[in-house]
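Dumped start-v3.txt below, it's compact mmCIF, C-alpha atoms:
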```
# COMPACT_ATOMS: atom_id res chain seq x y z
CA MET I 1 111.34 5.80 -1.31
CA ASN I 2 112.98 7.38 1.67
CA GLY I 3 113.23 11.12 2.41
CA ARG I 4 116.80 11.41 1.19
CA TRP I 5 115.98 10.07 -2.32
CA ARG I 6 112.90 12.30 -2.47
CA ARG I 7 115.05 15.40 -1.83
CA TRP I 8 117.51 14.36 -4.56
CA LEU I 9 114.63 13.83 -6.96
CA LEU I 10 113.15 17.26 -6.17
CA ALA I 11 116.54 18.92 -6.56
CA GLY I 12 117.03 17.20 -9.92
CA LEU I 13 113.61 18.34 -11.09
CA CYS I 14 114.37 21.91 -10.05
CA VAL I 15 117.62 21.86 -12.04
CA VAL I 16 115.74 20.58 -15.11
CA VAL I 17 113.10 23.34 -14.76
CA VAL I 18 115.78 26.05 -14.45
CA ILE I 19 117.65 24.76 -17.51
CA ALA I 20 114.39 24.57 -19.48
CA ALA I 21 113.47 28.14 -18.44
CA ILE I 22 116.83 29.39 -19.70
CA TYR I 23 116.83 27.39 -22.90
CA PHE I 24 113.15 27.80 -23.90
CA PRO I 25 113.31 31.47 -25.11
CA LYS I 26 116.41 30.64 -27.17
CA LEU I 27 114.63 27.66 -28.67
CA LYS I 28 111.58 29.83 -29.43
CA ARG I 29 113.74 32.43 -31.19
CA ARG I 30 115.47 29.75 -33.22
CA VAL I 31 112.14 28.27 -34.32
CA LYS I 32 110.92 31.75 -35.34
CA THR I 33 114.10 32.44 -37.31
CA THR I 34 113.87 29.09 -39.06
CA ALA I 35 110.22 29.69 -39.90
CA HIS I 36 111.11 33.13 -41.27
CA ILE I 37 113.82 31.64 -43.47
CA THR I 38 111.75 28.73 -44.69
CA GLN I 39 108.67 30.82 -45.49
CA PRO I 40 109.75 33.29 -48.17
CA SER I 41 107.75 36.45 -48.64
CA GLU I 42 105.63 36.86 -51.72
CA GLU I 43 108.27 39.19 -53.11
CA GLN I 44 111.07 36.69 -52.46
CA ALA I 45 109.00 34.03 -54.19
CA ARG I 46 108.54 36.32 -57.19
CA ARG I 47 112.25 37.04 -57.29
CA GLU I 48 112.99 33.32 -57.33
CA LEU I 49 110.53 32.81 -60.15
CA THR I 50 112.11 35.62 -62.12
CA PRO I 51 115.82 35.39 -61.36
CA PRO I 52 118.24 37.90 -62.88
CA SER I 53 119.07 36.96 -66.42
CA PRO I 54 122.71 35.92 -66.48
CA ALA I 55 124.54 36.40 -69.72
CA SER I 56 124.80 33.32 -71.85
CA ALA I 57 128.19 32.33 -73.25
CA SER I 58 126.76 32.82 -76.72
CA ASP I 59 125.58 36.38 -76.06
CA PRO I 60 127.76 38.89 -77.91
CA ILE I 61 129.61 41.55 -75.95
CA VAL I 62 128.31 44.95 -76.93
CA LYS I 63 128.80 48.51 -75.72
CA ALA I 64 125.62 49.11 -73.75
CA ARG I 65 124.71 52.68 -72.83
CA MET I 66 123.60 53.07 -69.23
CA PHE I 67 122.05 56.33 -68.06
CA TRP I 68 123.20 57.23 -64.57
CA ALA I 69 123.45 60.67 -62.98
CA SER I 70 126.00 63.03 -64.46
CA ASP I 71 129.03 63.75 -62.29
CA GLU I 72 128.90 67.34 -63.57
CA ASP I 73 125.28 67.99 -62.68
CA GLU I 74 123.30 65.76 -60.31
CA SER I 75 120.03 66.84 -61.90
CA ALA I 76 121.06 65.45 -65.28
CA LEU I 77 121.70 62.03 -66.77
CA ALA I 78 124.84 61.04 -68.63
CA PRO I 79 125.20 57.91 -70.76
CA VAL I 80 128.08 55.65 -69.82
CA ALA I 81 129.33 52.95 -72.22
CA VAL I 82 129.57 49.55 -70.50
CA ASP I 83 130.76 46.28 -72.12
CA LEU I 84 127.92 43.80 -71.56
CA ALA I 85 127.00 40.42 -72.95
CA LEU I 86 123.48 41.14 -74.15
CA SER I 87 120.95 38.64 -75.44
CA PRO I 88 119.31 39.28 -78.81
CA ASP I 89 115.99 38.41 -77.15
CA PRO I 90 114.41 41.78 -76.20
CA VAL I 91 112.93 40.58 -72.88
CA LEU I 92 116.20 39.04 -71.68
CA ARG I 93 118.09 42.05 -73.00
CA ALA I 94 115.79 44.46 -71.14
CA LYS I 95 116.29 42.48 -67.91
CA GLN I 96 120.07 42.47 -68.41
CA VAL I 97 120.34 46.23 -68.93
CA LEU I 98 117.89 47.09 -66.14
CA ASN I 99 119.72 44.81 -63.70
CA THR I 100 122.97 46.53 -64.68
CA LEU I 101 121.30 49.91 -64.16
CA LEU I 102 120.10 48.79 -60.72
CA ALA I 103 123.57 47.48 -59.83
CA GLY I 104 124.70 51.08 -60.23
CA PRO I 105 127.73 52.91 -61.56
CA VAL I 106 131.25 52.75 -60.14
CA SER I 107 130.54 55.82 -58.03
CA SER I 108 127.54 55.20 -55.82
CA ASP I 109 126.88 58.97 -55.75
CA LEU I 110 125.76 58.72 -59.37
CA ARG I 111 123.07 56.10 -58.74
CA THR I 112 119.62 56.93 -60.01
CA LEU I 113 117.84 53.94 -58.46
CA PRO I 114 118.02 52.74 -54.84
CA PRO I 115 120.51 49.92 -54.18
CA ASP I 116 117.90 47.71 -52.49
CA ALA I 117 115.45 47.88 -55.42
CA ALA I 118 115.14 44.83 -57.66
CA LEU I 119 113.56 44.09 -61.00
CA LEU I 120 110.96 41.39 -60.32
CA ALA I 121 109.79 40.86 -63.89
CA PHE I 122 109.82 42.36 -67.34
CA TYR I 123 107.21 41.68 -70.00
CA LEU I 124 107.07 42.86 -73.59
CA LEU I 125 103.65 43.09 -75.21
CA ALA I 126 103.08 42.71 -78.94
CA ASP I 127 102.52 46.47 -79.41
CA GLY I 128 105.95 47.28 -78.00
CA THR I 129 104.77 48.08 -74.47
CA GLY I 130 107.36 47.03 -71.93
CA VAL I 131 106.09 46.34 -68.42
CA ALA I 132 108.78 46.58 -65.76
CA ASP I 133 107.79 45.28 -62.34
CA PHE I 134 110.07 46.49 -59.56
CA SER I 135 110.21 45.58 -55.88
CA GLU I 136 108.64 47.89 -53.30
CA ALA I 137 112.04 49.40 -52.52
CA LEU I 138 111.86 51.40 -55.76
CA GLY I 139 108.99 53.35 -54.21
CA THR I 140 110.11 53.36 -50.60
CA SER I 141 113.83 54.07 -51.12
CA THR I 142 113.85 56.51 -54.04
CA PRO I 143 114.43 59.96 -52.51
CA SER I 144 111.11 61.79 -52.38
CA GLY I 145 110.97 64.77 -54.72
CA ILE I 146 110.01 65.74 -58.26
CA GLN I 147 113.62 66.02 -59.43
CA SER I 148 114.86 62.72 -57.95
CA GLU I 149 111.81 60.74 -59.05
CA GLN I 150 111.96 62.13 -62.60
CA LEU I 151 115.65 61.27 -62.74
CA ALA I 152 114.91 57.66 -61.68
CA VAL I 153 112.23 57.15 -64.33
CA ASP I 154 114.28 58.91 -67.01
CA SER I 155 117.25 56.66 -66.32
CA ILE I 156 115.09 53.53 -66.80
CA ALA I 157 113.40 54.82 -69.96
CA ARG I 158 116.53 56.17 -71.58
CA THR I 159 118.53 53.01 -70.84
CA LEU I 160 115.80 50.91 -72.48
CA GLU I 161 115.61 53.32 -75.41
CA ALA I 162 119.36 53.09 -75.98
CA ASN I 163 119.65 49.31 -75.72
CA VAL I 164 116.31 47.64 -76.47
CA PRO I 165 114.78 49.25 -79.57
CA GLN I 166 111.77 46.90 -79.47
CA VAL I 167 110.48 48.67 -76.33
CA LYS I 168 108.40 51.63 -77.52
CA ARG I 169 106.67 52.59 -74.31
CA LEU I 170 107.04 51.67 -70.69
CA LYS I 171 104.71 50.91 -67.83
CA ILE I 172 106.24 50.77 -64.37
CA LEU I 173 104.64 48.56 -61.74
CA ILE I 174 105.60 48.26 -58.09
CA HIS I 175 105.31 44.72 -56.74
CA GLY I 176 102.93 43.78 -59.53
CA GLN I 177 100.59 46.70 -58.93
CA GLU I 178 99.92 50.03 -60.61
CA VAL I 179 100.64 52.81 -58.12
CA ASP I 180 99.70 56.50 -58.18
CA THR I 181 103.20 57.87 -57.79
CA LEU I 182 106.79 56.69 -57.52
CA ALA I 183 107.60 58.32 -54.16
CA GLY I 184 104.83 60.86 -53.71
CA HIS I 185 105.26 63.04 -56.78
CA LEU I 186 105.89 61.42 -60.16
CA ASP I 187 102.82 59.99 -61.89
CA LEU I 188 103.12 56.23 -62.54
CA THR I 189 99.52 55.71 -63.68
CA GLN I 190 100.45 56.55 -67.28
CA MET I 191 102.86 55.04 -69.76
CA PHE I 192 106.21 56.55 -70.65
CA VAL I 193 107.09 56.72 -74.31
CA VAL I 194 110.54 55.18 -74.61
CA ASN I 195 111.30 54.99 -78.31
CA ARG I 196 110.15 58.33 -79.69
CA LYS I 197 111.00 57.47 -83.32
CA ALA I 198 108.85 54.32 -83.19
CA THR I 199 105.85 56.02 -81.64
CA GLN I 200 105.31 58.99 -83.93
CA PRO I 201 103.31 61.06 -83.47
CA PRO I 202 103.61 61.14 -79.68
CA THR I 203 100.28 61.77 -78.07
CA PHE I 204 101.53 62.40 -74.56
CA SER I 205 105.16 63.34 -74.73
CA PHE I 206 106.31 63.68 -71.16
CA GLY I 207 109.66 65.19 -70.46
CA ARG I 208 110.13 66.81 -73.89
CA PRO I 209 112.49 69.74 -73.50
CA LEU I 210 110.46 72.87 -73.19
CA LYS I 211 113.44 74.92 -74.27
CA PRO I 212 116.91 73.77 -75.28
CA ALA I 213 118.90 73.13 -72.13
CA ALA I 214 122.48 74.28 -71.92
CA ALA I 215 124.70 71.31 -72.64
CA SER I 216 126.80 70.12 -69.75
CA PRO I 217 130.39 69.11 -70.40
CA ALA I 218 130.54 65.42 -71.18
CA PRO I 219 132.42 63.20 -68.77
CA ALA I 220 135.27 61.20 -70.20
CA GLY I 221 134.07 58.24 -72.19
CA SER I 222 130.52 59.37 -72.25
CA GLU I 223 128.12 61.48 -74.23
CA PRO I 224 126.84 64.89 -73.16
CA ALA I 225 124.62 64.94 -70.10
CA VAL I 226 120.90 65.03 -70.64
CA SER I 227 118.81 67.11 -68.31
CA ALA I 228 116.39 65.20 -66.12
CA ALA I 229 112.79 66.05 -66.91
CA SER I 230 113.84 66.64 -70.46
CA LYS I 231 113.88 63.39 -72.33
CA THR I 232 111.48 60.78 -71.09
CA THR I 233 108.15 60.99 -72.80
CA LYS I 234 104.93 59.61 -71.52
CA ARG I 235 101.49 58.92 -72.94
CA MET B 1 91.96 83.41 -57.72
CA VAL B 2 95.12 81.55 -56.76
CA VAL B 3 94.88 78.06 -55.28
CA LEU B 4 97.96 77.27 -53.20
CA ASP B 5 98.68 73.63 -52.46
CA PRO B 6 101.05 72.81 -49.61
CA ALA B 7 101.97 69.26 -50.62
CA HIS B 8 101.71 66.17 -48.40
CA GLY B 9 100.48 66.51 -44.78
CA GLY B 10 98.83 64.22 -42.24
CA THR B 11 100.49 60.81 -42.23
CA ASP B 12 102.50 61.75 -45.32
CA PRO B 13 105.46 63.91 -44.26
CA GLY B 14 106.93 64.06 -47.79
CA ALA B 15 110.72 64.42 -47.95
CA ARG B 16 112.52 64.09 -44.62
CA GLY B 17 115.94 65.45 -43.75
CA ALA B 18 118.49 64.11 -41.32
CA GLN B 19 117.89 67.07 -39.01
CA GLY B 20 114.24 66.13 -38.58
CA ILE B 21 113.09 68.53 -41.28
CA ARG B 22 109.77 67.46 -42.78
CA GLU B 23 108.59 68.72 -46.15
CA SER B 24 104.94 68.77 -45.05
CA ASP B 25 105.73 71.18 -42.17
CA LEU B 26 107.89 73.53 -44.20
CA VAL B 27 105.55 73.87 -47.16
CA ILE B 28 102.69 75.02 -44.94
CA GLU B 29 104.92 77.83 -43.64
CA LEU B 30 105.96 78.65 -47.20
CA THR B 31 102.31 78.72 -48.23
CA PHE B 32 101.46 81.33 -45.61
CA LEU B 33 104.29 83.55 -46.91
CA VAL B 34 103.23 83.10 -50.54
CA ARG B 35 99.64 83.86 -49.57
CA ARG B 36 100.70 87.10 -47.87
CA ALA B 37 102.76 88.17 -50.91
CA LEU B 38 99.89 87.38 -53.31
CA GLU B 39 97.25 89.14 -51.22
CA ALA B 40 99.50 92.19 -50.98
CA THR B 41 99.53 92.21 -54.80
CA GLY B 42 95.74 92.03 -54.95
CA PHE B 43 95.15 88.33 -55.61
CA GLN B 44 92.56 86.25 -53.81
CA VAL B 45 93.95 83.03 -52.37
CA LEU B 46 92.57 79.62 -51.40
CA GLN B 47 94.58 76.82 -49.77
CA THR B 48 94.09 73.09 -50.23
CA ARG B 49 95.06 72.61 -46.60
CA ASN B 50 95.57 74.98 -43.67
CA GLY B 51 96.94 72.55 -41.12
CA ASN B 52 98.32 69.04 -40.95
CA GLU B 53 95.66 67.37 -43.11
CA ASN B 54 96.35 65.29 -46.18
CA PRO B 55 93.66 65.76 -48.83
CA SER B 56 93.89 63.38 -51.79
CA PHE B 57 95.31 64.49 -55.13
CA ASP B 58 91.77 64.60 -56.50
CA ASP B 59 90.45 66.62 -53.54
CA ARG B 60 93.14 69.22 -54.10
CA SER B 61 92.36 69.40 -57.82
CA THR B 62 88.63 69.62 -57.05
CA LEU B 63 89.15 72.83 -55.13
CA ALA B 64 91.00 74.43 -58.05
CA ASN B 65 88.63 73.05 -60.70
CA ALA B 66 85.64 74.60 -58.94
CA GLN B 67 87.09 78.13 -59.43
CA ARG B 68 86.71 79.95 -62.73
CA GLY B 69 89.89 81.60 -63.94
CA ALA B 70 92.04 80.17 -61.16
CA VAL B 71 95.73 79.34 -61.23
CA PHE B 72 97.21 76.50 -59.18
CA VAL B 73 100.58 76.34 -57.44
CA THR B 74 101.69 73.20 -55.59
CA LEU B 75 104.63 73.78 -53.23
CA HIS B 76 107.35 71.20 -52.52
CA ILE B 77 110.76 70.81 -50.92
CA SER B 78 112.94 68.09 -52.42
CA SER B 79 115.29 65.49 -50.96
CA THR B 80 117.96 66.24 -53.53
CA GLY B 81 119.30 69.03 -55.70
CA LEU B 82 121.72 71.87 -55.19
CA PRO B 83 120.77 73.52 -51.87
CA GLY B 84 119.52 77.05 -52.34
CA THR B 85 118.02 76.45 -55.79
CA VAL B 86 114.37 76.42 -56.84
CA ARG B 87 112.78 74.69 -59.84
CA VAL B 88 109.38 75.15 -61.44
CA TYR B 89 107.68 72.23 -63.20
CA SER B 90 104.71 72.00 -65.51
CA LEU B 91 103.25 68.98 -67.28
CA PRO B 92 104.45 68.08 -70.76
CA ASP B 93 102.08 67.52 -73.67
CA MET B 94 99.05 65.36 -72.97
CA PRO B 95 96.97 63.05 -75.19
CA SER B 96 94.40 64.29 -77.63
CA ARG B 97 91.85 61.98 -75.95
CA ALA B 98 91.82 64.44 -73.05
CA SER B 99 88.57 65.90 -74.36
CA VAL B 100 85.78 63.78 -75.81
CA GLY B 101 82.74 65.54 -77.27
CA GLY B 102 83.74 68.75 -75.57
CA ILE B 103 83.78 67.12 -72.15
CA LEU B 104 87.12 67.30 -70.43
CA SER B 105 88.36 64.01 -69.00
CA TRP B 106 89.13 64.29 -65.29
CA ASP B 107 92.26 62.20 -65.70
CA PHE B 108 93.62 64.62 -68.32
CA ALA B 109 92.08 67.85 -67.03
CA GLN B 110 95.39 69.67 -67.47
CA ALA B 111 95.49 68.97 -71.22
CA SER B 112 93.83 72.24 -72.29
CA TYR B 113 96.08 74.26 -70.01
CA VAL B 114 99.52 72.85 -70.80
CA THR B 115 100.62 75.86 -72.87
CA LEU B 116 99.32 78.36 -70.31
CA SER B 117 101.02 76.40 -67.52
CA ARG B 118 104.35 76.63 -69.37
CA LYS B 119 103.97 80.38 -69.74
CA PHE B 120 103.07 80.72 -66.08
CA GLY B 121 105.97 78.46 -65.11
CA ASP B 122 108.43 80.40 -67.24
CA ALA B 123 107.29 83.68 -65.68
CA VAL B 124 107.81 82.37 -62.15
CA GLN B 125 111.06 80.53 -62.94
CA ALA B 126 112.54 83.71 -64.47
CA GLN B 127 111.88 85.54 -61.19
CA LEU B 128 113.34 82.67 -59.14
CA ALA B 129 116.47 82.47 -61.33
CA GLN B 130 117.23 86.11 -60.52
CA ARG B 131 117.08 85.45 -56.79
CA PHE B 132 118.49 81.94 -56.43
CA LYS B 133 121.79 81.31 -58.20
CA GLY B 134 122.04 77.92 -59.89
CA SER B 135 118.30 77.68 -60.51
CA PRO B 136 117.23 76.97 -64.10
CA SER B 137 116.08 79.88 -66.23
CA ASN B 138 113.08 78.05 -67.71
CA VAL B 139 110.27 75.84 -66.47
CA GLN B 140 111.00 72.08 -66.57
CA ALA B 141 108.60 69.42 -67.87
CA ALA B 142 107.81 66.62 -65.42
CA SER B 143 104.89 64.26 -64.96
CA VAL B 144 103.84 65.56 -61.55
CA ARG B 145 100.73 63.64 -60.49
CA GLN B 146 99.05 66.59 -58.77
CA LEU B 147 99.05 68.71 -61.94
CA ARG B 148 97.40 66.13 -64.23
CA THR B 149 93.87 66.46 -62.84
CA THR B 150 93.94 70.24 -62.45
CA ALA B 151 91.93 72.26 -65.00
CA ALA B 152 93.83 75.54 -64.64
CA PRO B 153 97.30 76.90 -65.37
CA ALA B 154 99.19 74.79 -62.87
CA ILE B 155 102.80 74.60 -61.74
CA ALA B 156 104.84 72.84 -59.08
CA VAL B 157 107.54 74.83 -57.27
CA GLU B 158 110.27 72.75 -55.60
CA LEU B 159 112.98 74.10 -53.29
CA SER B 160 116.23 72.24 -52.61
CA SER B 161 116.37 70.68 -50.15
CA VAL B 162 115.54 69.01 -46.82
CA SER B 163 119.15 67.75 -46.75
CA VAL B 164 120.46 71.14 -45.54
CA GLN B 165 122.31 71.04 -42.22
CA ASP B 166 120.45 74.04 -40.87
CA ARG B 167 116.72 74.48 -41.35
CA GLY B 168 117.34 78.24 -41.20
CA ASP B 169 118.82 78.00 -44.72
CA LEU B 170 115.39 77.03 -46.04
CA ASP B 171 113.60 79.60 -43.89
CA LYS B 172 115.80 82.31 -45.42
CA MET B 173 114.78 81.25 -48.93
CA MET B 174 111.06 81.40 -48.31
CA PRO B 175 110.38 85.18 -48.54
CA GLY B 176 112.28 85.32 -51.84
CA VAL B 177 110.31 82.37 -53.21
CA ALA B 178 107.03 83.96 -52.13
CA ASP B 179 107.94 87.28 -53.76
CA ALA B 180 109.07 85.54 -56.98
CA ILE B 181 105.76 83.65 -57.26
CA ALA B 182 103.75 86.85 -56.74
CA ARG B 183 105.83 88.77 -59.31
CA GLY B 184 105.75 85.88 -61.79
CA LEU B 185 101.98 85.69 -61.53
CA THR B 186 101.72 89.45 -62.10
CA VAL B 187 103.79 89.05 -65.28
CA PHE B 188 101.69 86.06 -66.43
CA ARG B 189 98.27 87.56 -65.64
CA PRO B 190 97.74 89.58 -68.88
CA SER B 191 98.37 86.47 -71.02
CA TYR B 192 95.87 84.34 -69.11
CA VAL B 193 92.91 83.79 -71.39
CA LEU B 194 90.70 80.81 -70.58
CA PRO B 195 91.01 78.12 -73.30
CA SER B 196 87.25 78.26 -74.04
CA GLU B 197 87.38 82.05 -74.50
CA ALA B 198 90.45 81.77 -76.71
CA GLY B 199 88.56 79.24 -78.88
CA ALA B 200 85.55 81.53 -79.12
CA ARG B 201 87.70 84.38 -80.40
CA GLN B 202 89.17 82.34 -83.24
```

Starting from the file, lay out its structure as structure tokens.
Amino acid sequence: MNGRWRRWLLAGLCVVVVIAAIYFPKLKRRVKTTAHITQPSEEQARRELTPPSPASASDPIVKARMFWASDEDESALAPVAVDLALSPDPVLRAKQVLNTLLAGPVSSDLRTLPPDAALLAFYLLADGTGVADFSEALGTSTPSGIQSEQLAVDSIARTLEANVPQVKRLKILIHGQEVDTLAGHLDLTQMFVVNRKATQPPTFSFGRPLKPAAASPAPAGSEPAVSAASKTTKR
Amino acid sequence: MVVLDPAHGGTDPGARGAQGIRESDLVIELTFLVRRALEATGFQVLQTRNGNENPSFDDRSTLANAQRGAVFVTLHISSTGLPGTVRVYSLPDMPSRASVGGILSWDFAQASYVTLSRKFGDAVQAQLAQRFKGSPSNVQAASVRQLRTTAAPAIAVELSSVSVQDRGDLDKMMPGVADAIARGLTVFRPSYVLPSEAGARQ
């Protein structure tokens, strides 16, 4: 091989090295992205195992009552009637109403639960205890504070009470685990009594009105607002 | 004896506002003002934290539970709510299993004090309602974790909110909140009879 060919070969090799140096980081990033997509997190895996419960064609359309924040008073809940196809099966029905609650009202200002939170699973035990397992976002994205956390839990409990009579009490889990508090204040180690009529006498009635609250004007198409920290009971 | 509990602290900032306001910083300042108002009225005061520490819920309750005849006030600033308002919370009813064979369960230590806590909360909330328009006139029931393990009349006081544009708005509220707590406690004091003493009188 003469000197001229050797120079061409070296030049070619240099070009290949430069191209590889430019392309390699891009390739590395692409591999990482692909790996991230193909390896779902534990929470994603749980979500896939427990997908939202779509309404079946045979499910009757009923007027469900969803408890979002009142547009008159942000510290209170107001029931809003929503036409929903709800399953007669209490577990599916609970998932359907809670997913609707999570989806939020027409006005995002009236949300009680963070938009990125998801219901991972719902179980109903033989004694009427409903176990709702939410994604971590329920804890990390709910505004920190006694008022906001009580409003979030009240909206879940009151929506279940209004639409799924089989649920008598409620345990809230975050990502499959019992946690001390929702977002630093509200106690999640105990159970919330949901259906007060079915659990007489209440032994640990959280949220019972201490004194009658002044009724707020009811928004159109809805019932009077219910003060947060006034309805949900816990035991 | 009054045990004041500035909530959060350490790695837990509590509620955070867009202007960099941190609940854990503000409540310690509020605590110092409440302490001054209480001491001026003749009360002795202990604090669950004096700086940027974060004792556990149980550690904070332990301090209060070790005092005979204490009252407990945990101080908070919310993320939400009508700015300029203040709410007082006490625990709702608790289970009858709170006491077994005369021994109070740690997990339900508040059970014997729920009624006293409501009275205490009502007394403080009435004072706050006079000073801060839009605040409720009565104590609210909420399942605040810190209160459950506290064996004393115990309330949570929550100001709204860290979402204010100017931190000065919260600073202006603090002396009024401190004065209302001191006056509320003065009103409540004559009705404070320890549950065991009340039982002995019956």

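The smallest atom-to-atom distance between chain I and any of B:Gly14, B:Pro55, B:Gly69, B:Gly42, using all atoms listed in the file, is found for B:Gly14.
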
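Between CA of Lys171 in chain I and CA of Trp68 in chain I the separation is 19.8 Å.
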
Contacts of range 150-162 of chain B at 8 Å (only C-alpha atoms; same-chain gap of 5+ positions) as a PyMOL selection string: (chain I and resi 146) or (chain B and resi 15-18+21-23+61-62+64-65+69-91+109-114+116-117+120-121+144+167+170)

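Proximity of B:Asp59, B:Asp93, B:Asp25, B:Asp5 to chain I, computed with all atoms listed in the file, is greatest for B:Asp93.
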
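The smallest atom-to-atom distance between chain B and any of I:Leu98, I:Ala183, I:Val82, I:Ala162, using only C-alpha atoms, is found for I:Ala183.
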
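Closest to Val139 in chain B among B:Lys172, B:Gly184, B:Phe57, B:Ala37 is B:Gly184, based on all atoms listed in the file.
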
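Relative to CA of Trp5 in chain I, CA of Ile22 in chain I is found at 26.0 Å.
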
Residue contacts of Val131 in chain I (9 Å, all atoms listed in the file) excluding same-chain residues fewer than 4 positions away, as an MDAnalysis selection string: chainID I and resid 121:125 169:173

Spatial neighbours of Arg131 in chain B, 9 Å, only C-alpha atoms, chain gap at least 2 places, as a PyMOL selection string: chain B and resi 127-129+133+135+176-177+180

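Among the candidate residues I:Leu102, I:Ala157, I:Val164, I:Ile174, the one lying nearest to Phe192 in chain I is I:Ala157, with distances computed using only C-alpha atoms.
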
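Near (100.6, 52.9, -61.8), the residues that fall inside 9 Å on the basis of all atoms listed in the file are I:Lys171, I:Ile172, I:Leu173, I:Ile174, I:Gln177, I:Glu178, I:Val179, I:Asp180, I:Thr181, I:Leu182, I:Asp187, I:Leu188, I:Thr189, I:Gln190, I:Met191.
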
Taking all heavy atoms as the atom set, what does range 38-43 of chain B look like once completed, written as a PDB file, keeping the file's coordinate frame?
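Output saved as part12.pdb:
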```pdb
ATOM      1  N   LEU B  38     100.916  87.302 -52.255  1.00  0.00           N
ATOM      2  CA  LEU B  38      99.890  87.380 -53.310  1.00  0.00           C
ATOM      3  C   LEU B  38      98.772  88.338 -52.915  1.00  0.00           C
ATOM      4  O   LEU B  38      98.314  89.138 -53.737  1.00  0.00           O
ATOM      5  CB  LEU B  38      99.306  85.984 -53.575  1.00  0.00           C
ATOM      6  CG  LEU B  38     100.232  84.999 -54.313  1.00  0.00           C
ATOM      7  CD1 LEU B  38      99.655  83.591 -54.267  1.00  0.00           C
ATOM      8  CD2 LEU B  38     100.431  85.432 -55.754  1.00  0.00           C
ATOM      9  N   GLU B  39      98.346  88.261 -51.666  1.00  0.00           N
ATOM     10  CA  GLU B  39      97.250  89.140 -51.220  1.00  0.00           C
ATOM     11  C   GLU B  39      97.699  90.602 -51.234  1.00  0.00           C
ATOM     12  O   GLU B  39      96.921  91.494 -51.557  1.00  0.00           O
ATOM     13  CB  GLU B  39      96.766  88.714 -49.830  1.00  0.00           C
ATOM     14  CG  GLU B  39      95.943  87.419 -49.912  1.00  0.00           C
ATOM     15  CD  GLU B  39      95.502  86.871 -48.560  1.00  0.00           C
ATOM     16  OE1 GLU B  39      96.100  87.246 -47.526  1.00  0.00           O
ATOM     17  OE2 GLU B  39      94.586  86.034 -48.549  1.00  0.00           O
ATOM     18  N   ALA B  40      98.979  90.820 -50.943  1.00  0.00           N
ATOM     19  CA  ALA B  40      99.500  92.190 -50.980  1.00  0.00           C
ATOM     20  C   ALA B  40      99.507  92.731 -52.414  1.00  0.00           C
ATOM     21  O   ALA B  40      99.497  93.946 -52.634  1.00  0.00           O
ATOM     22  CB  ALA B  40     100.924  92.217 -50.415  1.00  0.00           C
ATOM     23  N   THR B  41      99.547  91.803 -53.389  1.00  0.00           N
ATOM     24  CA  THR B  41      99.530  92.210 -54.800  1.00  0.00           C
ATOM     25  C   THR B  41      98.112  92.272 -55.346  1.00  0.00           C
ATOM     26  O   THR B  41      97.909  92.598 -56.510  1.00  0.00           O
ATOM     27  CB  THR B  41     100.371  91.197 -55.629  1.00  0.00           C
ATOM     28  OG1 THR B  41     101.511  90.795 -54.862  1.00  0.00           O
ATOM     29  CG2 THR B  41     100.866  91.783 -56.930  1.00  0.00           C
ATOM     30  N   GLY B  42      97.137  91.912 -54.540  1.00  0.00           N
ATOM     31  CA  GLY B  42      95.740  92.030 -54.950  1.00  0.00           C
ATOM     32  C   GLY B  42      95.069  90.750 -55.384  1.00  0.00           C
ATOM     33  O   GLY B  42      93.945  90.764 -55.875  1.00  0.00           O
ATOM     34  N   PHE B  43      95.750  89.609 -55.225  1.00  0.00           N
ATOM     35  CA  PHE B  43      95.150  88.330 -55.610  1.00  0.00           C
ATOM     36  C   PHE B  43      94.342  87.758 -54.445  1.00  0.00           C
ATOM     37  O   PHE B  43      94.692  87.954 -53.275  1.00  0.00           O
ATOM     38  CB  PHE B  43      96.230  87.316 -56.006  1.00  0.00           C
ATOM     39  CG  PHE B  43      96.939  87.662 -57.279  1.00  0.00           C
ATOM     40  CD1 PHE B  43      98.205  88.231 -57.257  1.00  0.00           C
ATOM     41  CD2 PHE B  43      96.338  87.421 -58.513  1.00  0.00           C
ATOM     42  CE1 PHE B  43      98.865  88.560 -58.437  1.00  0.00           C
ATOM     43  CE2 PHE B  43      96.992  87.740 -59.690  1.00  0.00           C
ATOM     44  CZ  PHE B  43      98.266  88.304 -59.659  1.00  0.00           C
TER      45      PHE B  43
END
```
